[in-house]
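*Asks:* Quick one, input37.txt (compact mmCIF, C-alpha atoms):
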```
# COMPACT_ATOMS: atom_id res chain seq x y z
CA MET A 494 117.87 113.70 86.18
CA ASP A 495 121.07 115.67 85.64
CA LYS A 496 123.39 114.57 88.44
CA ALA A 497 124.46 118.19 88.95
CA ASN A 498 120.97 118.97 90.22
CA LYS A 499 120.31 118.80 93.91
CA ILE A 500 118.97 115.66 95.49
CA ILE A 501 115.21 115.61 96.03
CA LYS A 502 114.48 115.30 99.75
CA ILE A 503 111.04 114.05 100.82
CA ALA A 504 110.15 113.85 104.52
CA VAL A 505 107.51 111.32 105.55
CA THR A 506 105.87 112.30 108.82
CA GLY A 507 102.77 111.86 110.93
CA PRO A 508 101.40 110.16 114.03
CA GLU A 509 102.28 106.66 115.13
CA SER A 510 100.99 103.76 113.06
CA SER A 511 100.13 105.89 110.04
CA GLY A 512 102.31 104.07 107.52
CA LYS A 513 105.41 106.29 107.53
CA SER A 514 108.09 103.60 107.37
CA PHE A 515 106.22 101.45 104.88
CA THR A 516 105.59 104.44 102.62
CA ALA A 517 109.17 105.73 102.76
CA GLU A 518 110.57 102.29 101.95
CA TYR A 519 108.01 101.70 99.18
CA LEU A 520 108.74 105.06 97.55
CA ALA A 521 112.48 104.47 97.73
CA ARG A 522 111.98 101.23 95.77
CA VAL A 523 109.70 102.89 93.20
CA PHE A 524 112.03 105.84 92.64
CA ASP A 525 115.31 103.97 93.09
CA GLY A 526 116.14 106.24 96.01
CA TRP A 527 117.41 105.92 99.54
CA VAL A 528 115.71 105.99 102.92
CA VAL A 529 117.04 107.72 106.01
CA PRO A 530 115.72 105.49 108.80
CA GLU A 531 114.05 106.70 111.95
CA PHE A 532 116.77 106.58 114.59
CA ALA A 533 114.34 106.70 117.54
CA ARG A 534 113.17 103.14 116.91
CA GLU A 535 116.70 101.73 116.94
CA TYR A 536 117.64 103.74 120.02
CA LEU A 537 114.54 102.79 122.01
CA LEU A 538 114.73 99.11 121.09
CA HIS A 539 118.14 98.92 122.76
CA LEU A 540 117.21 100.96 125.83
CA ASP A 541 116.81 98.82 128.94
CA ARG A 542 114.81 101.41 130.88
CA ALA A 543 112.03 103.94 130.36
CA TYR A 544 113.15 106.78 128.10
CA THR A 545 113.70 110.30 129.40
CA TYR A 546 113.62 113.79 127.96
CA GLN A 547 117.40 113.59 127.53
CA ASP A 548 116.93 110.43 125.47
CA ILE A 549 114.68 112.34 123.07
CA VAL A 550 117.31 115.08 122.82
CA ASN A 551 119.97 112.45 122.09
CA ILE A 552 117.70 110.88 119.46
CA ALA A 553 117.20 114.27 117.77
CA LYS A 554 120.96 114.91 117.63
CA ALA A 555 121.64 111.43 116.27
CA GLN A 556 118.85 111.76 113.68
CA LEU A 557 120.44 114.97 112.38
CA ASP A 558 123.87 113.32 112.26
CA ILE A 559 122.49 110.35 110.33
CA GLU A 560 120.71 112.65 107.87
CA LYS A 561 123.93 114.57 107.22
CA LYS A 562 125.95 111.39 106.70
CA VAL A 563 123.39 109.86 104.36
CA MET A 564 123.23 113.05 102.31
CA VAL A 565 127.03 113.14 101.93
CA ASP A 566 126.96 109.49 100.80
CA ALA A 567 124.00 110.17 98.47
CA ILE A 568 125.91 112.98 96.77
CA GLU A 569 128.94 110.73 96.31
CA GLU A 570 126.76 107.93 94.93
CA LYS A 571 124.76 110.34 92.71
CA VAL A 572 121.43 109.34 94.25
CA ASP A 573 118.54 111.39 92.85
CA ILE A 574 116.08 111.17 95.73
CA VAL A 575 116.13 110.50 99.46
CA PHE A 576 113.12 109.76 101.67
CA PHE A 577 113.27 110.59 105.36
CA ASP A 578 111.36 108.17 107.60
CA SER A 579 110.77 110.73 110.33
CA GLU A 580 112.08 114.23 110.89
CA LEU A 581 112.25 116.71 113.75
CA ILE A 582 108.65 117.97 113.68
CA ASN A 583 107.89 114.48 114.92
CA THR A 584 110.48 114.93 117.69
CA LYS A 585 109.18 118.38 118.66
CA ILE A 586 105.62 117.10 119.03
CA TRP A 587 106.94 114.17 121.09
CA CYS A 588 108.85 116.55 123.40
CA ASP A 589 105.87 118.87 123.76
CA GLU A 590 103.43 116.05 124.44
CA LYS A 591 105.54 114.12 126.95
CA TYR A 592 107.50 116.89 128.67
CA ASN A 593 105.89 120.24 127.80
CA LYS A 594 109.20 121.55 126.52
CA CYS A 595 111.51 121.30 123.54
CA GLU A 596 115.16 122.16 123.00
CA GLU A 597 115.84 125.26 120.94
CA PHE A 598 118.18 123.39 118.56
CA ILE A 599 115.26 121.14 117.55
CA ILE A 600 113.06 124.13 116.77
CA GLN A 601 115.92 125.84 114.93
CA SER A 602 116.67 122.66 112.96
CA ILE A 603 113.05 122.46 111.84
CA SER A 604 113.15 126.09 110.74
CA GLU A 605 116.34 125.50 108.77
CA SER A 606 115.37 122.12 107.30
CA ASN A 607 115.30 122.05 103.53
CA TYR A 608 113.18 119.09 102.57
CA ASP A 609 111.55 119.66 99.21
CA HIS A 610 108.21 118.39 100.49
CA TYR A 611 106.55 116.58 103.38
CA LEU A 612 104.17 113.67 103.03
CA LEU A 613 101.90 113.90 106.07
CA MET A 614 100.40 110.50 106.77
CA ARG A 615 96.82 110.66 108.03
CA PRO A 616 96.20 107.99 110.70
CA ASP A 617 93.07 106.68 108.95
CA MET A 618 94.29 103.11 108.95
CA ASP A 619 94.06 100.48 111.65
CA TRP A 620 96.33 100.85 114.67
CA VAL A 621 99.12 98.27 114.62
CA PRO A 622 100.31 97.48 118.16
CA ASP A 623 104.01 97.85 118.78
CA PRO A 624 105.86 98.00 122.13
CA LEU A 625 107.29 101.42 121.18
CA ARG A 626 103.95 103.03 120.30
CA GLU A 627 102.07 105.03 122.92
CA ASN A 628 99.08 106.82 121.37
CA PRO A 629 96.43 104.50 119.96
CA PHE A 630 93.50 106.72 120.93
CA ASP A 631 94.49 110.26 120.04
CA ARG A 632 96.15 109.94 116.64
CA ASP A 633 93.65 112.35 115.05
CA ARG A 634 94.46 115.04 117.62
CA LEU A 635 98.17 114.47 117.04
CA PHE A 636 97.62 114.66 113.28
CA GLU A 637 96.19 118.14 113.75
CA LEU A 638 99.36 119.10 115.63
CA TYR A 639 101.41 118.04 112.63
CA ILE A 640 99.31 120.28 110.40
CA GLU A 641 99.75 123.18 112.84
CA HIS A 642 103.52 122.67 112.90
CA LEU A 643 103.83 122.36 109.13
CA HIS A 644 101.97 125.65 108.79
CA ARG A 645 103.92 127.32 111.59
CA PHE A 646 107.23 126.40 109.99
CA LYS A 647 105.91 127.18 106.47
CA LYS A 648 106.58 123.72 105.07
CA SER A 649 105.16 122.40 101.82
CA TYR A 650 103.16 119.24 102.41
CA THR A 651 100.52 116.86 101.07
CA VAL A 652 98.21 114.77 103.24
CA ILE A 653 98.41 111.09 102.29
CA GLN A 654 95.24 109.23 103.23
CA GLY A 655 92.77 106.50 102.32
CA GLU A 656 93.11 102.84 101.52
CA LEU A 657 96.62 101.52 100.94
CA ASP A 658 96.46 101.60 97.11
CA ASP A 659 95.08 105.15 97.15
CA ARG A 660 97.74 106.28 99.60
CA LEU A 661 100.56 104.86 97.53
CA LYS A 662 99.21 106.23 94.24
CA LEU A 663 98.88 109.70 95.75
CA ALA A 664 102.36 109.56 97.28
CA ILE A 665 103.86 108.44 93.95
CA SER A 666 102.01 111.19 92.11
CA VAL A 667 103.26 113.86 94.52
CA VAL A 668 106.85 112.64 94.36
CA LYS A 669 106.73 112.48 90.56
CA THR A 670 105.97 116.20 90.45
CA PHE A 671 109.26 116.85 92.25
CA SER A 672 111.12 114.40 90.01
CA LEU A 673 109.78 116.21 86.94
CA LYS A 674 110.82 119.60 88.32
CA GLN A 675 114.37 118.29 88.76
CA GLY A 676 114.59 116.50 85.42
```
Take the structure from the file and write it as structure tokens.

*Replies:*
Amino acid sequence: MDKANKIIKIAVTGPESSGKSFTAEYLARVFDGWVVPEFAREYLLHLDRAYTYQDIVNIAKAQLDIEKKVMVDAIEEKVDIVFFDSELINTKIWCDEKYNKCEEFIIQSISESNYDHYLLMRPDMDWVPDPLRENPFDRDRLFELYIEHLHRFKKSYTVIQGELDDRLKLAISVVKTFSLKQG
């Protein structure tokens, strides 16, 4: 890819335990790209109390800051593609579900986001328990909320589903189409 072209930005999103982190990291290896990690996990792992609405707001702000920093570094390092392990649609749904409200800057940030494409992970795989996960029984309902939000914000997306090999092949195929457009 001509280094003067813009960096391809792929957001990986979806309900808990749907393979987001694994997929983002796998794709970064396949495409020799970078991953912007999900800040919420790091933040919550170091919290010594139950999280609050303000914690989610702080997480959203920090996630945006990390994304900006990584993109500046990616430009300097001439990285072709960056995968985002989470994004603010995830945060908005979390706010809505837990607190029935969401900060305007989160909604505005979603509207203004410029990812080239979203990979929406269907939760059709086994639930993997994790102390930070909260929704083992309503992942399908939450998945539908992601679809609603992607439509509402007019975002381009592909549903990634099926057995692991099928999921990865589909994700690679989708990302290749963006790589070809840039090359």

*Asks:* Find the distance between CA of Glu627 (chain A) and CA of Ser606 (chain A) and write it in Å to one decimal.

*Replies:*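 Between CA of Glu627 (chain A) and CA of Ser606 (chain A) the gap works out to 26.7 Å.
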
*Asks:* What is the CA of Asp631 (chain A)-CA of Ala521 (chain A) distance in Å, reported with one decimal?

*Replies:*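 It comes out at 29.2 Å.
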
*Asks:* May I have the residues within 9 Å of Ile552 (chain A) as a list in words, using all atoms listed in the file and disregarding those fewer than 4 positions away in the same chain?

*Replies:* Phe532, Ala533, Tyr536, Gln547, Asp548, Gln556, Leu557 and Thr584 of chain A

*Asks:* Step by step: start from the point (117.6, 107.2, 91.9) in the file's coordinates, keep every protein, DNA or RNA residue that has an atom no farther than 8 Å from it, count only C-alpha atoms, and write the set as a short mmCIF file (atom, residue, chain, number, x, y, z; two decimals) with C-alpha atoms, in the frame of the given file.

*Replies:*
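Printed below is selection-v7.cif as written:
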```
data_model
loop_
_atom_site.label_atom_id
_atom_site.label_comp_id
_atom_site.auth_asym_id
_atom_site.auth_seq_id
_atom_site.Cartn_x
_atom_site.Cartn_y
_atom_site.Cartn_z
CA PHE A 524 112.03 105.84 92.64
CA ASP A 525 115.31 103.97 93.09
CA GLY A 526 116.14 106.24 96.01
CA TRP A 527 117.41 105.92 99.54
CA LYS A 571 124.76 110.34 92.71
CA VAL A 572 121.43 109.34 94.25
CA ASP A 573 118.54 111.39 92.85
CA ILE A 574 116.08 111.17 95.73
#
```

*Asks:* Please, what distance in Å, to one decimal, runs between CA of Glu605 (chain A) and CA of Leu638 (chain A)?

*Replies:*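 So the answer is 19.4 Å.
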
*Asks:* Between A:Asn607, A:Thr545, A:Ser510, A:Asn551, which is the closest to Leu625 (chain A) once you count only C-alpha atoms?

*Replies:*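 Distance minimum relative to Leu625 (chain A) lands on A:Ser510.
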
*Asks:* Between A:Asn628, A:Thr670, A:Ser579, A:Ser649, single out the one closest to Tyr611 (chain A), counting only C-alpha atoms.

*Replies:* A:Ser649
